[in-house]
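Q: I am attaching a structure below and will ask some questions about it afterwards.
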Amino acid sequence: MSKRIAFLLSGSGSTLANLLEHIETDDILAKVVKVLSSRSGVKGLSIAADAGIPSCVVRRRDHADTQDFSDAISAELDSCEPDLVVFGGFMCYYLPPKRYLNRIINVHPALIPAFCGKGMYGDHVHKAVLDYGVKVTGCTVHFVDEIYDHGPIIAQSAVKVKEDDTVETLRERVRAEERKLLPLVVKQYCEDRISVSGRKVRVLTAKENR
């Protein structure tokens, strides 16, 4: 049976569009049943509408504090009963309730635990990578908990940093890996192949999952 996915975003929805494409082409047993945006009028909402996916907007500024904002998001998630929640360019701090433990995943544009945490998103990450002079960066898909970029790591993909890299060139190579890694993890999750024990995550083989 297909897993029900709720997708959270804040902007262009490129990660959503990529996931929808992979669901079709990679035989991922999933259906995106709701898209939630922290901003109104963004392209991600148009992508959801074009795909016939129900959507809603929950803005941080409309809520008194982080807990109130998080409760509003959780209520929207509860209403569509997702098996999995995917963050793709969701730029707001969210406090997940215990019922969503190990059911929310995020893709981060670096190799956690390097270049992560509050304020480390988008081009801020790539600039920090270049300024520090590391030779390898990449992307990480991890579970979401109450701390920025802290939940158990599911998968990572490395990208070499070139001597002549700019923020723009590095961003594009990391994004290329993100576009492959996130759908792969979603596929594995939907096949019930992801096992979590504390901070350690294993991806089971098809034989192990029989």
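Labels for the structure tokens follow display order: chains A, B, ..., residues from 1 in each chain, ligands from 1.
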Using DSSP on the backbone coordinates, identify the residues of stretch 27-181 of chain A assigned to helix (DSSP H, G or I); present them as a ChimeraX atom specification.
A: /A:43-50,60-62,66-80,98-100,123-132,167-181
Q: If we count only C-alpha atoms and set the cut-off at 7 Å, which residues sit around A:Phe143, ignoring sequence neighbours fewer than 6 positions away in its own chain? Please answer as a list of chain:residue names.
A: A:Asn102, A:Ile104, A:Ile105, A:Asn106, A:Gly151, A:Pro152, A:Ile153
Q: Any chance you could list, as an MDAnalysis selection string, the residues in stretch 74-118 of chain A that come up strand (DSSP E) when DSSP is run on the backbone?
A: chainID A and resid 84:87 104:108
Q: Excluding stretch 174-182 of chain A and its own-chain neighbours fewer than 6 positions away, which residues fall within 9 Å of it when counting only C-alpha atoms? Please give them as a list of chain:residue names.
A: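 In the requested format, the answer is A:Thr15, A:Asn18, A:Leu19, A:His22, A:Ile105, A:Asn106, A:Val107, A:His108, A:Pro109, A:Ala110, A:Thr137, A:Gly138, A:Cys139, A:Thr140, A:Val141, A:Ala155, A:Gln156, A:Ser157, A:Ala158, A:Val159.
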Q: Hey, can you spit out that residue selection with N, CA and C atoms as a CSV table (one decimal), in the first residue's frame?
A:
```csv
chain,number,residue,atom,x,y,z
A,15,THR,N,12.1,21.1,-4.6
A,15,THR,CA,12.3,19.7,-4.0
A,15,THR,C,11.0,18.9,-4.1
A,18,ASN,N,10.6,17.7,-7.7
A,18,ASN,CA,11.5,16.6,-7.9
A,18,ASN,C,11.0,15.3,-7.3
A,19,LEU,N,10.5,15.4,-6.1
A,19,LEU,CA,10.0,14.2,-5.5
A,19,LEU,C,8.8,13.7,-6.2
A,22,HIS,N,10.0,11.7,-9.2
A,22,HIS,CA,10.5,10.4,-8.8
A,22,HIS,C,9.5,9.5,-8.3
A,105,ILE,N,11.4,13.7,7.9
A,105,ILE,CA,12.8,13.8,7.3
A,105,ILE,C,13.0,15.1,6.7
A,106,ASN,N,14.3,15.5,6.7
A,106,ASN,CA,14.7,16.8,6.1
A,106,ASN,C,16.0,16.5,5.3
A,107,VAL,N,16.2,17.3,4.3
A,107,VAL,CA,17.5,17.3,3.5
A,107,VAL,C,18.3,18.5,3.8
A,108,HIS,N,19.5,18.4,4.2
A,108,HIS,CA,20.4,19.5,4.6
A,108,HIS,C,21.6,19.6,3.6
A,109,PRO,N,22.0,20.7,3.1
A,109,PRO,CA,23.0,20.8,2.1
A,109,PRO,C,24.4,20.8,2.6
A,110,ALA,N,24.7,19.9,3.5
A,110,ALA,CA,26.1,19.7,4.0
A,110,ALA,C,26.1,18.3,4.7
A,137,THR,N,32.2,18.3,0.8
A,137,THR,CA,30.9,18.7,1.4
A,137,THR,C,29.9,17.7,0.9
A,138,GLY,N,28.6,18.0,0.9
A,138,GLY,CA,27.6,17.1,0.4
A,138,GLY,C,26.2,17.4,0.9
A,139,CYS,N,25.4,16.4,1.1
A,139,CYS,CA,24.1,16.6,1.6
A,139,CYS,C,23.7,15.4,2.5
A,140,THR,N,22.8,15.7,3.4
A,140,THR,CA,22.4,14.7,4.4
A,140,THR,C,20.9,14.7,4.5
A,141,VAL,N,20.3,13.5,4.5
A,141,VAL,CA,18.9,13.3,4.8
A,141,VAL,C,18.9,12.7,6.3
A,155,ALA,N,21.0,9.1,5.6
A,155,ALA,CA,21.9,8.9,4.4
A,155,ALA,C,22.6,10.2,4.1
A,156,GLN,N,23.8,10.0,3.5
A,156,GLN,CA,24.6,11.2,3.1
A,156,GLN,C,25.3,10.9,1.8
A,157,SER,N,25.5,12.0,1.0
A,157,SER,CA,26.2,11.9,-0.3
A,157,SER,C,27.2,13.0,-0.3
A,158,ALA,N,28.5,12.6,-0.7
A,158,ALA,CA,29.6,13.5,-0.7
A,158,ALA,C,29.8,14.2,-2.0
A,159,VAL,N,30.3,15.4,-1.9
A,159,VAL,CA,30.6,16.2,-3.1
A,159,VAL,C,32.0,16.9,-2.9
```
Q: When distances are computed from only C-alpha atoms, which of A:Ser70, A:Ser37, A:Ser46, A:Thr205 shows the smallest separation from A:Val86?
A: A:Ser37
Q: Name all residues at most 10 Å from stretch 187-203 of chain A (count only C-alpha atoms; drop same-chain ones fewer than 2 positions away) and give them as a PyMOL selection string.
A: chain A and resi 1-5+22-23+26-30+83-84+102-103+142-143+150-155+181-185+205-206+208-210
